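Raw contents of data35.csv, CSV, C-alpha atoms:
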```csv
chain,number,residue,atom,x,y,z
B,189,MET,CA,77.0,79.3,213.1
B,190,SER,CA,76.0,78.1,216.6
B,191,LYS,CA,76.3,74.5,217.7
B,192,GLU,CA,72.5,74.1,217.6
B,193,GLN,CA,72.3,75.5,214.1
B,194,SER,CA,75.1,73.2,213.0
B,195,LYS,CA,73.3,70.2,214.4
B,196,LYS,CA,70.1,71.0,212.6
B,197,THR,CA,71.9,71.5,209.3
B,198,GLU,CA,73.7,68.1,209.7
B,199,THR,CA,70.4,66.4,210.5
B,200,ALA,CA,68.7,67.9,207.4
B,201,SER,CA,71.6,66.9,205.2
B,202,ARG,CA,71.4,63.3,206.5
B,203,ARG,CA,67.6,63.2,205.9
B,204,LYS,CA,68.1,64.5,202.4
B,205,PHE,CA,70.8,61.9,201.6
B,206,LEU,CA,68.7,59.1,203.0
B,207,THR,CA,65.6,60.2,201.0
B,208,SER,CA,67.7,60.5,197.8
B,209,ALA,CA,69.2,57.1,198.4
B,210,ALA,CA,65.8,55.6,199.0
B,211,VAL,CA,64.4,57.1,195.8
B,212,ALA,CA,67.5,55.9,193.9
B,213,THR,CA,67.2,52.4,195.3
B,214,ALA,CA,63.4,52.3,194.5
B,215,GLY,CA,64.1,53.5,191.0
B,216,ALA,CA,66.7,50.9,190.4
B,217,ALA,CA,64.4,48.2,191.7
B,218,THR,CA,61.6,49.4,189.4
B,219,LEU,CA,63.8,49.5,186.4
B,220,GLY,CA,65.4,46.2,187.2
B,221,PHE,CA,62.2,44.2,188.0
B,222,PRO,CA,60.9,43.5,184.5
B,223,MET,CA,64.3,42.2,183.5
B,224,ILE,CA,64.5,39.9,186.5
B,225,ALA,CA,60.9,38.8,186.0
B,226,LYS,CA,61.5,38.2,182.3
B,227,GLY,CA,64.7,36.3,183.0
B,228,GLN,CA,62.9,34.1,185.6
B,229,ALA,CA,59.9,33.4,183.3
B,230,GLY,CA,61.8,32.7,180.1
B,231,PRO,CA,60.2,32.0,176.7
B,232,ILE,CA,56.9,30.2,176.5
B,233,SER,CA,57.2,26.9,174.7
B,234,MET,CA,54.3,25.2,172.9
B,235,ARG,CA,54.3,21.6,171.6
B,236,TRP,CA,52.1,21.2,168.5
B,237,GLN,CA,51.2,18.4,166.1
B,238,SER,CA,50.0,18.6,162.6
B,239,THR,CA,47.6,16.1,161.0
B,240,TRP,CA,50.1,15.7,158.1
B,241,PRO,CA,53.0,13.4,157.3
B,242,ALA,CA,56.4,15.2,157.7
B,243,LYS,CA,57.0,15.0,153.9
B,244,ASP,CA,53.7,16.7,152.9
B,245,ILE,CA,53.6,20.3,151.9
B,246,PHE,CA,50.7,20.7,154.4
B,247,HIS,CA,53.2,20.0,157.3
B,248,GLU,CA,55.4,22.6,155.7
B,249,TYR,CA,52.5,25.1,156.0
B,250,ALA,CA,52.3,24.3,159.7
B,251,LEU,CA,56.0,24.9,160.1
B,252,ASP,CA,55.7,28.2,158.2
B,253,TYR,CA,53.1,29.5,160.6
B,254,ALA,CA,55.1,28.4,163.7
B,255,LYS,CA,58.2,30.2,162.3
B,256,LYS,CA,56.2,33.4,161.7
B,257,VAL,CA,55.0,33.4,165.3
B,258,ASN,CA,58.5,32.5,166.7
B,259,ASP,CA,60.1,35.3,164.7
B,260,MET,CA,57.4,38.0,165.4
B,261,THR,CA,57.6,37.4,169.2
B,262,GLY,CA,61.4,37.5,169.1
B,263,GLY,CA,61.5,34.0,170.6
B,264,ASP,CA,59.3,34.9,173.5
B,265,LEU,CA,56.9,32.2,172.2
B,266,ARG,CA,58.4,29.1,170.7
B,267,ILE,CA,56.1,26.7,168.8
B,268,GLU,CA,57.5,23.3,168.0
B,269,VAL,CA,55.4,21.4,165.4
B,270,LEU,CA,55.5,17.6,165.2
B,271,PRO,CA,54.1,15.5,162.2
B,272,ALA,CA,51.0,13.4,162.4
B,273,GLY,CA,51.1,10.4,164.7
B,274,SER,CA,54.0,11.8,166.9
B,275,VAL,CA,51.7,12.1,169.9
B,276,VAL,CA,48.2,11.2,168.6
B,277,PRO,CA,46.7,9.9,165.4
B,278,ALA,CA,45.7,12.6,162.8
B,279,PHE,CA,42.0,12.3,163.7
B,280,GLY,CA,42.7,12.6,167.4
B,281,LEU,CA,44.1,16.2,167.2
B,282,LEU,CA,41.0,18.0,168.5
B,283,ASP,CA,40.8,15.9,171.7
B,284,ALA,CA,44.5,16.2,172.3
B,285,VAL,CA,44.5,20.0,172.0
B,286,SER,CA,41.3,20.4,174.0
B,287,LYS,CA,42.6,18.3,176.9
B,288,GLY,CA,46.0,20.0,176.9
B,289,THR,CA,48.0,16.9,175.8
B,290,LEU,CA,49.1,19.2,173.0
B,291,ASP,CA,49.2,23.0,173.2
B,292,GLY,CA,48.0,23.4,169.6
B,293,GLY,CA,47.8,21.9,166.2
B,294,HIS,CA,47.4,22.3,162.5
B,295,GLY,CA,44.8,20.5,160.5
B,296,VAL,CA,41.3,20.9,158.9
B,297,LEU,CA,37.9,21.2,160.4
B,298,VAL,CA,36.6,18.2,158.4
B,299,TYR,CA,38.7,15.9,160.4
B,300,HIS,CA,36.4,16.7,163.4
B,301,TYR,CA,33.3,15.5,161.5
B,302,GLY,CA,32.7,12.7,163.9
B,303,LYS,CA,32.5,15.1,166.8
B,304,GLN,CA,29.8,17.3,165.2
B,305,ASN,CA,29.0,17.0,161.5
B,306,ALA,CA,28.4,20.7,161.1
B,307,LEU,CA,32.1,21.3,161.6
B,308,ALA,CA,32.7,20.0,158.1
B,309,LEU,CA,30.7,22.9,156.7
B,310,TRP,CA,34.0,24.8,156.8
B,311,GLY,CA,35.1,23.3,153.5
B,312,SER,CA,33.7,19.9,153.0
B,313,SER,CA,30.7,20.8,150.8
B,314,PRO,CA,29.9,22.8,147.6
B,315,ALA,CA,29.8,25.8,149.9
B,316,TYR,CA,26.8,27.2,147.9
B,317,ALA,CA,29.2,28.2,145.1
B,318,MET,CA,31.7,30.0,147.4
B,319,ASP,CA,35.4,29.3,146.9
B,320,ALA,CA,37.7,28.9,149.9
B,321,ASN,CA,38.7,32.6,150.1
B,322,THR,CA,35.0,33.7,150.0
B,323,LEU,CA,34.2,31.1,152.7
B,324,LEU,CA,37.0,32.6,154.9
B,325,SER,CA,35.5,36.0,154.2
B,326,TRP,CA,32.2,34.7,155.5
B,327,HIS,CA,34.0,33.3,158.6
B,328,LYS,CA,35.5,36.7,159.5
B,329,TYR,CA,32.9,39.1,158.3
B,330,GLY,CA,29.7,37.1,157.8
B,331,GLY,CA,29.2,35.5,161.3
B,332,GLY,CA,31.1,32.3,160.8
B,333,LYS,CA,33.5,32.9,163.6
B,334,GLU,CA,30.8,33.4,166.2
B,335,LEU,CA,29.0,30.2,164.9
B,336,LEU,CA,32.2,28.2,165.1
B,337,ASN,CA,32.7,29.3,168.7
B,338,LYS,CA,29.2,28.3,169.5
B,339,LEU,CA,29.7,25.0,167.8
B,340,TYR,CA,32.9,24.2,169.7
B,341,ALA,CA,31.2,25.2,173.0
B,342,SER,CA,28.3,22.8,172.2
B,343,ILE,CA,30.7,19.8,172.2
B,344,GLY,CA,32.8,21.1,175.1
B,345,ALA,CA,36.0,21.7,173.1
B,346,ASN,CA,38.5,23.7,175.0
B,347,VAL,CA,40.1,25.3,172.0
B,348,VAL,CA,40.6,28.6,170.2
B,349,SER,CA,40.3,28.1,166.4
B,350,PHE,CA,41.7,30.1,163.5
B,351,PRO,CA,40.6,28.9,160.1
B,352,TYR,CA,43.0,30.1,157.4
B,353,GLY,CA,44.8,29.2,154.2
B,354,PRO,CA,42.3,29.0,151.3
B,355,MET,CA,42.7,25.8,149.2
B,356,PRO,CA,42.1,25.6,145.5
B,357,THR,CA,39.3,23.4,144.2
B,358,GLN,CA,40.3,19.8,144.9
B,359,PRO,CA,40.4,17.1,142.3
B,360,LEU,CA,37.7,14.5,142.1
B,361,GLY,CA,40.5,12.0,142.7
B,362,TRP,CA,42.6,9.2,141.4
B,363,PHE,CA,41.0,6.3,139.5
B,364,LYS,CA,41.8,3.1,137.6
B,365,LYS,CA,40.0,4.5,134.5
B,366,PRO,CA,38.4,7.9,133.7
B,367,ILE,CA,35.1,8.7,135.2
B,368,THR,CA,32.5,9.3,132.5
B,369,LYS,CA,29.2,9.3,134.4
B,370,PRO,CA,27.7,9.4,137.9
B,371,ASP,CA,27.0,5.6,137.9
B,372,ASP,CA,30.7,4.9,137.7
B,373,PHE,CA,30.8,5.4,141.5
B,374,LYS,CA,28.4,2.6,142.2
B,375,GLY,CA,30.2,-0.1,144.3
B,376,MET,CA,33.5,1.7,144.2
B,377,LYS,CA,35.7,1.6,147.3
B,378,TYR,CA,36.5,5.2,147.7
B,379,ARG,CA,38.4,7.4,150.2
B,380,THR,CA,37.1,10.8,151.3
B,381,VAL,CA,36.3,12.7,154.5
B,382,GLY,CA,33.7,15.0,156.1
B,383,ILE,CA,30.4,15.7,154.4
B,384,SER,CA,31.9,14.1,151.3
B,385,ILE,CA,31.4,10.8,152.9
B,386,ASP,CA,27.6,11.3,152.7
B,387,LEU,CA,27.9,12.8,149.2
B,388,PHE,CA,29.8,9.9,147.7
B,389,THR,CA,27.8,7.3,149.6
B,390,GLY,CA,24.7,8.9,148.0
B,391,MET,CA,26.4,8.3,144.6
B,392,GLY,CA,26.8,4.6,145.4
B,393,ALA,CA,30.4,4.4,146.6
B,394,ALA,CA,31.6,2.4,149.6
B,395,VAL,CA,33.4,5.1,151.5
B,396,ASN,CA,36.4,4.8,153.8
B,397,ALA,CA,37.8,7.9,155.7
B,398,LEU,CA,41.5,7.7,156.0
B,399,PRO,CA,44.2,10.3,156.9
B,400,GLY,CA,46.6,11.4,154.2
B,401,GLY,CA,49.5,9.1,155.0
B,402,GLU,CA,47.3,5.9,154.9
B,403,ILE,CA,45.7,6.4,151.5
B,404,VAL,CA,48.3,5.2,149.0
B,405,PRO,CA,49.1,2.0,151.0
B,406,ALA,CA,45.4,1.2,151.1
B,407,ILE,CA,45.1,1.6,147.3
B,408,ASP,CA,48.3,-0.5,146.9
B,409,ARG,CA,46.8,-3.3,149.0
B,410,GLY,CA,43.5,-3.2,147.1
B,411,LEU,CA,41.5,-1.9,150.1
B,412,LEU,CA,40.5,1.1,148.0
B,413,ASP,CA,39.7,1.4,144.3
B,414,ALA,CA,40.1,5.2,144.2
B,415,ALA,CA,40.7,8.2,146.4
B,416,GLU,CA,40.9,11.9,146.6
B,417,PHE,CA,43.2,13.9,148.8
B,418,ASN,CA,43.9,17.5,147.9
B,419,ASN,CA,46.4,18.9,145.3
B,420,ALA,CA,49.1,18.1,142.8
B,421,THR,CA,52.0,18.6,145.2
B,422,SER,CA,50.5,16.6,148.2
B,423,ASP,CA,49.2,13.9,145.9
B,424,ARG,CA,52.6,13.6,144.2
B,425,ILE,CA,54.6,13.5,147.5
B,426,LEU,CA,52.2,11.0,149.0
B,427,GLY,CA,52.8,8.6,146.1
B,428,PHE,CA,49.5,8.6,144.2
B,429,PRO,CA,51.2,8.4,140.8
B,430,ASP,CA,52.7,5.0,141.9
B,431,VAL,CA,49.3,3.5,142.2
B,432,SER,CA,47.3,5.3,139.6
B,433,LYS,CA,47.9,7.2,136.3
B,434,ILE,CA,44.4,8.7,136.0
B,435,CYS,CA,43.4,11.9,137.9
B,436,MET,CA,40.1,13.6,137.4
B,437,LEU,CA,40.1,17.4,138.0
B,438,GLN,CA,37.3,19.6,139.4
B,439,SER,CA,34.7,18.6,141.9
B,440,TYR,CA,32.2,20.2,144.2
B,441,HIS,CA,32.9,17.9,147.2
B,442,GLN,CA,35.6,20.2,148.6
B,443,ASN,CA,35.8,23.3,146.5
B,444,GLY,CA,36.0,25.7,149.5
B,445,GLU,CA,38.2,24.1,152.1
B,446,GLN,CA,40.8,25.8,154.3
B,447,PHE,CA,43.2,24.8,157.1
B,448,GLU,CA,42.7,25.3,160.8
B,449,ILE,CA,45.1,26.4,163.5
B,450,THR,CA,44.0,25.5,167.0
B,451,PHE,CA,45.3,26.4,170.5
B,452,ASN,CA,44.4,24.9,173.8
B,453,LYS,CA,42.1,27.6,175.2
B,454,THR,CA,43.4,27.6,178.7
B,455,LYS,CA,47.0,28.1,177.6
B,456,TYR,CA,45.9,30.7,174.9
B,457,ASP,CA,43.9,32.7,177.4
B,458,ALA,CA,46.9,32.9,179.8
B,459,LEU,CA,49.1,34.6,177.1
B,460,PRO,CA,49.6,38.4,177.3
B,461,ALA,CA,47.2,40.4,175.1
B,462,LYS,CA,50.2,41.5,172.9
B,463,MET,CA,51.1,37.9,172.2
B,464,GLN,CA,47.5,37.0,171.4
B,465,ALA,CA,47.5,39.9,168.9
B,466,ILE,CA,50.7,38.6,167.3
B,467,ILE,CA,49.2,35.1,167.0
B,468,ALA,CA,46.0,36.4,165.3
B,469,ASN,CA,47.9,38.6,162.9
B,470,ALA,CA,50.4,35.9,162.1
B,471,VAL,CA,47.4,33.7,161.0
B,472,GLU,CA,46.4,36.2,158.4
B,473,ALA,CA,50.0,36.6,157.2
B,474,ALA,CA,50.4,32.9,156.9
B,475,SER,CA,47.1,32.6,155.1
B,476,ALA,CA,48.3,34.9,152.3
B,477,ASP,CA,51.7,33.3,152.2
B,478,MET,CA,50.2,29.8,152.0
B,479,SER,CA,47.9,30.7,149.1
B,480,TRP,CA,50.9,32.2,147.2
B,481,LYS,CA,53.1,29.3,147.9
B,482,ALA,CA,50.4,26.9,146.8
B,483,ILE,CA,50.0,28.6,143.4
B,484,ASN,CA,53.8,28.3,142.8
B,485,ARG,CA,54.3,24.7,144.0
B,486,TYR,CA,51.0,23.1,142.8
B,487,SER,CA,51.5,24.4,139.3
B,488,GLN,CA,55.1,23.1,139.1
B,489,ASP,CA,54.0,19.6,140.3
B,490,TYR,CA,51.0,19.6,137.9
B,491,ILE,CA,53.4,19.8,135.0
B,492,GLU,CA,55.8,17.3,136.5
B,493,LEU,CA,53.0,14.8,137.1
B,494,GLN,CA,52.3,14.9,133.4
B,495,THR,CA,55.9,15.0,132.1
B,496,LYS,CA,57.8,12.8,134.6
B,497,ASP,CA,55.1,10.6,136.2
B,498,LYS,CA,53.1,10.2,133.0
B,499,VAL,CA,49.8,10.9,134.7
B,500,ARG,CA,46.8,11.7,132.5
B,501,PHE,CA,44.4,14.4,133.7
B,502,TYR,CA,40.7,14.6,132.7
B,503,LYS,CA,38.0,17.1,133.5
B,504,THR,CA,35.2,15.7,135.6
B,505,PRO,CA,32.1,15.5,133.4
B,506,ASP,CA,29.4,18.0,134.0
B,507,SER,CA,26.9,15.2,134.6
B,508,VAL,CA,29.0,14.1,137.6
B,509,LEU,CA,29.3,17.7,139.0
B,510,GLN,CA,25.5,18.2,138.6
B,511,LYS,CA,24.9,14.9,140.4
B,512,GLN,CA,27.1,16.0,143.3
B,513,LEU,CA,25.0,19.1,143.8
B,514,GLU,CA,21.8,17.1,143.7
B,515,ILE,CA,23.1,14.6,146.3
B,516,PHE,CA,24.4,17.3,148.5
B,517,ASP,CA,21.0,19.0,148.5
B,518,GLN,CA,19.5,15.8,149.9
B,519,VAL,CA,22.3,15.5,152.5
B,520,ASP,CA,21.8,19.2,153.4
B,521,LYS,CA,18.1,18.8,154.0
B,522,LYS,CA,18.5,15.7,156.1
B,523,LYS,CA,21.3,17.1,158.3
B,524,ALA,CA,19.3,20.4,158.8
B,525,ALA,CA,16.3,18.5,160.0
B,526,GLU,CA,18.5,16.5,162.5
B,527,ASN,CA,20.9,19.2,163.6
B,528,PRO,CA,19.9,22.8,164.6
B,529,MET,CA,23.5,24.0,164.4
B,530,TRP,CA,23.8,22.6,160.8
B,531,LYS,CA,20.7,24.6,159.8
B,532,GLU,CA,21.9,27.8,161.5
B,533,ILE,CA,25.3,27.6,159.8
B,534,THR,CA,24.0,26.7,156.3
B,535,GLU,CA,21.4,29.5,156.4
B,536,SER,CA,24.2,31.9,157.2
B,537,GLN,CA,26.4,30.6,154.5
B,538,LYS,CA,23.6,30.7,151.8
B,539,LYS,CA,22.8,34.3,152.7
B,540,TYR,CA,26.4,35.4,152.4
B,541,ALA,CA,27.0,33.3,149.2
B,542,GLU,CA,24.0,34.7,147.4
B,543,ARG,CA,25.4,38.2,147.6
B,544,THR,CA,29.1,37.7,147.4
B,545,VAL,CA,29.3,35.1,144.7
B,546,ARG,CA,26.9,37.1,142.5
B,547,TRP,CA,29.2,40.1,142.9
B,548,TYR,CA,32.3,37.9,142.1
B,549,LEU,CA,30.7,36.3,139.0
B,550,ASP,CA,29.5,39.6,137.6
B,551,THR,CA,32.8,41.4,138.3
B,552,GLN,CA,35.6,39.0,137.7
B,553,VAL,CA,36.7,38.5,134.1
B,554,GLY,CA,37.3,34.8,133.1
B,555,ALA,CA,40.9,33.7,132.6
B,556,ARG,CA,40.4,31.2,129.8
B,557,MET,CA,40.1,33.8,126.9
B,558,ALA,CA,43.3,35.7,127.9
B,559,TYR,CA,45.2,32.4,128.6
B,560,ASN,CA,44.3,31.1,125.1
B,561,TYR,CA,45.2,34.4,123.5
B,562,TYR,CA,48.7,34.4,125.0
B,563,PHE,CA,49.5,30.7,125.3
B,564,GLY,CA,47.1,28.9,123.0
B,565,LYS,CA,48.1,27.6,119.6
B,566,LYS,CA,48.0,30.4,117.0
B,567,PRO,CA,46.2,29.7,113.7
B,568,ALA,CA,48.6,29.2,110.8
B,569,ALA,CA,49.1,32.3,108.6
B,570,LYS,CA,47.1,32.2,105.4
B,571,LYS,CA,49.1,32.1,102.2
B,572,ALA,CA,48.6,34.9,99.8
```

Show me, as structure tokens, the structure contained in the file I just sent.
Amino acid sequence: MSKEQSKKTETASRRKFLTSAAVATAGAATLGFPMIAKGQAGPISMRWQSTWPAKDIFHEYALDYAKKVNDMTGGDLRIEVLPAGSVVPAFGLLDAVSKGTLDGGHGVLVYHYGKQNALALWGSSPAYAMDANTLLSWHKYGGGKELLNKLYASIGANVVSFPYGPMPTQPLGWFKKPITKPDDFKGMKYRTVGISIDLFTGMGAAVNALPGGEIVPAIDRGLLDAAEFNNATSDRILGFPDVSKICMLQSYHQNGEQFEITFNKTKYDALPAKMQAIIANAVEAASADMSWKAINRYSQDYIELQTKDKVRFYKTPDSVLQKQLEIFDQVDKKKAAENPMWKEITESQKKYAERTVRWYLDTQVGARMAYNYYFGKKPAAKKA
């Protein structure tokens, strides 16, 4: 090989080495970049608040949802949930999340009634015979989601909302003596929230809207004669049996309520699409889990309220239930005339309810006959 050929070979080898080294370096940089970026960014932290006292099972539901998200993201998103009053009062949650004072929260749409009364149609009404699960079906498949987005936009709320967690029919409430007729509400100092304020005002009560943690102290001080909150477990934890031994079951004032998970929209929109998908799917997982947990816990406390706390339960008379429907009908017409959004939402709900509730009533077998067959008292055997 000549000296010139040797020089060309050496130059080519050097070029090949430099090219290979450059490719290797670029490859290493490409592979290493996500790890470096991930390490620099770290997990995303969110500070939330619920609208519930720390001891209430509702706050437990909020913690359950946060844990699902934290687990499903592998810790890349960490939600910390504080109880009511830690940052803002319970009724101040929407403003705090919208402004970014809080990154998110757990509550109910009825608590925003003062911002736009149509928000309370997600649960604080007879819901045109829909139960909470059917109302959630309307929200997802019947146009409710789009209407809620429109409603929030109309009041400038910078939030992303996820209604979830169907609640069972709520009791009429806790009283000094059993309710026997509609007129028993006349002059009564009574606690409720949302559209139920208008409903019970129409029945003659003097209504005061209070968050959960303030109700029992108000009854104890004589500021309230009676009150409703939600369910056997919450009512027991909050101390209702300490101030009343009479609870009336069944009511139309909130027979289709559900919870609401909210995110600050600016922070939510900045999340990766994959994380947003996890959040949305975790809502539905938590919704099912909440309803199963509620069946288990509420039924246990229903028994213990009777056996340990000596509470007497009564069914609300049909005359009171009928009166509730009549009063709500009056409220409905008045609000629809004053508020175009109210009218648009209720028309959508009525259309969905007419079809779905008819199907449900015609299809679903009643539980009373089977329950009585298996657990009712058997007639004594006849003697031969």

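With distances taken over all atoms listed in the file, B:Val348 is the one residue among B:Ala476, B:Leu270, B:Leu335, B:Val348 lying closest to B:Ser286.
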
- Message: Residues within 12 Å of B:Phe516, please, as a list of chain:residue names. Count all atoms listed in the file; anything in the same chain fewer than 3 positions from it doesn't count.
- Response: B:Leu309, B:Ser312, B:Ser313, B:Pro314, B:Ala315, B:Tyr316, B:Ile383, B:Ser384, B:Ile385, B:Asp386, B:Leu387, B:Phe388, B:Thr389, B:Gly390, B:Met391, B:Tyr440, B:His441, B:Gln442, B:Leu509, B:Gln510, B:Lys511, B:Gln512, B:Leu513, B:Val519, B:Asp520, B:Lys521, B:Lys522, B:Lys523, B:Ala524

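Rounded to one decimal, atom CA of B:Gly292 and atom CA of B:Leu307 lie 17.9 Å from each other.
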
- Task: Would you mind telling me which residue in B:Val431, B:Thr357, B:Trp530, B:Ile343 lies nearest to B:Ala320 when using all atoms listed in the file?
- Result: B:Thr357

- Message: Could you check which residues have any atom within 12 Å of (48.3, 24.4, 162.9), counting only C-alpha atoms with coordinates taken straight from the file, and then list them as JSON, numbers by chain?
- Response: {"B": [234, 235, 236, 237, 238, 239, 240, 246, 247, 248, 249, 250, 251, 252, 253, 254, 255, 257, 267, 268, 269, 270, 271, 272, 281, 282, 285, 290, 291, 292, 293, 294, 295, 296, 297, 348, 349, 350, 351, 352, 353, 446, 447, 448, 449, 450, 451, 452, 467, 470, 471, 474, 475]}

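With all atoms listed in the file as the atoms that count, the residue of B:Ile232, B:Gly375, B:Ala393, B:Lys498 with the shortest distance to B:Asp430 is B:Lys498.
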
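Here atom CA of B:Pro399 is placed at a distance of 13.0 Å from atom CA of B:Tyr378.
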
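In this comparison, which uses all atoms listed in the file, the residue of B:Gly311, B:Asp413, B:Leu398, B:Lys531 approaching B:Pro277 most closely is B:Leu398.
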
- Task: Would you mind reading off the distance between atom CA of B:Gln518 and atom CA of B:Ala397, one decimal, in Å?
- Result: 20.8 Å

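Residues within 12 Å of B:Pro429, counting all atoms listed in the file and excluding same-chain residues fewer than 5 positions away, are Gly361, Trp362, Phe363, Lys364, Val404, Ile407, Asp408, Ala415, Ala420, Thr421, Ser422, Asp423, Arg424, Ile434, Cys435, Asp489, Tyr490, Glu492, Leu493, Gln494, Thr495, Lys496, Asp497, Lys498, Val499, Arg500 and Phe501 of chain B.
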
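Of the listed residues B:Pro370, B:Gly344, B:Gly392, B:Gly273, the one whose atoms come nearest to B:Ser507 is B:Pro370, with distances taken using only C-alpha atoms.
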
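Of the listed residues B:Met529, B:Ala468, B:Met355, B:Ala345, the one whose atoms come nearest to B:Asn321 is B:Met355, with distances taken using only C-alpha atoms.
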
- Query: Neighbours of stretch 537-549 of chain B within 7 Å (only C-alpha atoms; same-chain residues fewer than 4 positions away dropped), as a list in words?
  - Reply: Tyr316, Ala317, Met318, Trp326, Gly330 and Ile533 of chain B

Extract stretch 467-481 of chain B from the structure I just pasted (atoms: N, CA and C atoms) and return it as a PDB file, in the first residue's frame.
```pdb
ATOM      1  N   ILE B 467     -57.427  10.641  35.571  1.00  0.00           N
ATOM      2  CA  ILE B 467     -58.317  11.382  36.469  1.00  0.00           C
ATOM      3  C   ILE B 467     -59.778  11.071  36.152  1.00  0.00           C
ATOM      4  N   ALA B 468     -60.128  11.115  34.865  1.00  0.00           N
ATOM      5  CA  ALA B 468     -61.519  10.877  34.465  1.00  0.00           C
ATOM      6  C   ALA B 468     -61.951   9.447  34.757  1.00  0.00           C
ATOM      7  N   ASN B 469     -61.083   8.494  34.497  1.00  0.00           N
ATOM      8  CA  ASN B 469     -61.427   7.098  34.757  1.00  0.00           C
ATOM      9  C   ASN B 469     -61.450   6.782  36.247  1.00  0.00           C
ATOM     10  N   ALA B 470     -60.606   7.470  37.015  1.00  0.00           N
ATOM     11  CA  ALA B 470     -60.620   7.294  38.466  1.00  0.00           C
ATOM     12  C   ALA B 470     -61.924   7.806  39.064  1.00  0.00           C
ATOM     13  N   VAL B 471     -62.508   8.837  38.447  1.00  0.00           N
ATOM     14  CA  VAL B 471     -63.811   9.343  38.903  1.00  0.00           C
ATOM     15  C   VAL B 471     -64.854   8.236  38.830  1.00  0.00           C
ATOM     16  N   GLU B 472     -64.895   7.522  37.714  1.00  0.00           N
ATOM     17  CA  GLU B 472     -65.901   6.483  37.547  1.00  0.00           C
ATOM     18  C   GLU B 472     -65.630   5.287  38.457  1.00  0.00           C
ATOM     19  N   ALA B 473     -64.363   4.957  38.655  1.00  0.00           N
ATOM     20  CA  ALA B 473     -64.020   3.881  39.588  1.00  0.00           C
ATOM     21  C   ALA B 473     -64.429   4.257  41.009  1.00  0.00           C
ATOM     22  N   ALA B 474     -64.152   5.504  41.395  1.00  0.00           N
ATOM     23  CA  ALA B 474     -64.509   5.973  42.735  1.00  0.00           C
ATOM     24  C   ALA B 474     -66.020   6.054  42.903  1.00  0.00           C
ATOM     25  N   SER B 475     -66.733   6.343  41.828  1.00  0.00           N
ATOM     26  CA  SER B 475     -68.187   6.434  41.881  1.00  0.00           C
ATOM     27  C   SER B 475     -68.796   5.086  42.243  1.00  0.00           C
ATOM     28  N   ALA B 476     -68.313   4.043  41.593  1.00  0.00           N
ATOM     29  CA  ALA B 476     -68.811   2.701  41.904  1.00  0.00           C
ATOM     30  C   ALA B 476     -68.419   2.291  43.319  1.00  0.00           C
ATOM     31  N   ASP B 477     -67.180   2.542  43.682  1.00  0.00           N
ATOM     32  CA  ASP B 477     -66.692   2.166  45.006  1.00  0.00           C
ATOM     33  C   ASP B 477     -67.464   2.892  46.099  1.00  0.00           C
ATOM     34  N   MET B 478     -67.745   4.189  45.879  1.00  0.00           N
ATOM     35  CA  MET B 478     -68.490   4.962  46.868  1.00  0.00           C
ATOM     36  C   MET B 478     -69.872   4.357  47.098  1.00  0.00           C
ATOM     37  N   SER B 479     -70.570   3.988  46.014  1.00  0.00           N
ATOM     38  CA  SER B 479     -71.924   3.461  46.159  1.00  0.00           C
ATOM     39  C   SER B 479     -71.915   2.110  46.869  1.00  0.00           C
ATOM     40  N   TRP B 480     -70.890   1.305  46.639  1.00  0.00           N
ATOM     41  CA  TRP B 480     -70.795   0.011  47.326  1.00  0.00           C
ATOM     42  C   TRP B 480     -70.468   0.200  48.806  1.00  0.00           C
ATOM     43  N   LYS B 481     -69.543   1.107  49.088  1.00  0.00           N
ATOM     44  CA  LYS B 481     -69.188   1.382  50.482  1.00  0.00           C
ATOM     45  C   LYS B 481     -70.393   1.933  51.244  1.00  0.00           C
TER      46      LYS B 481
END
```
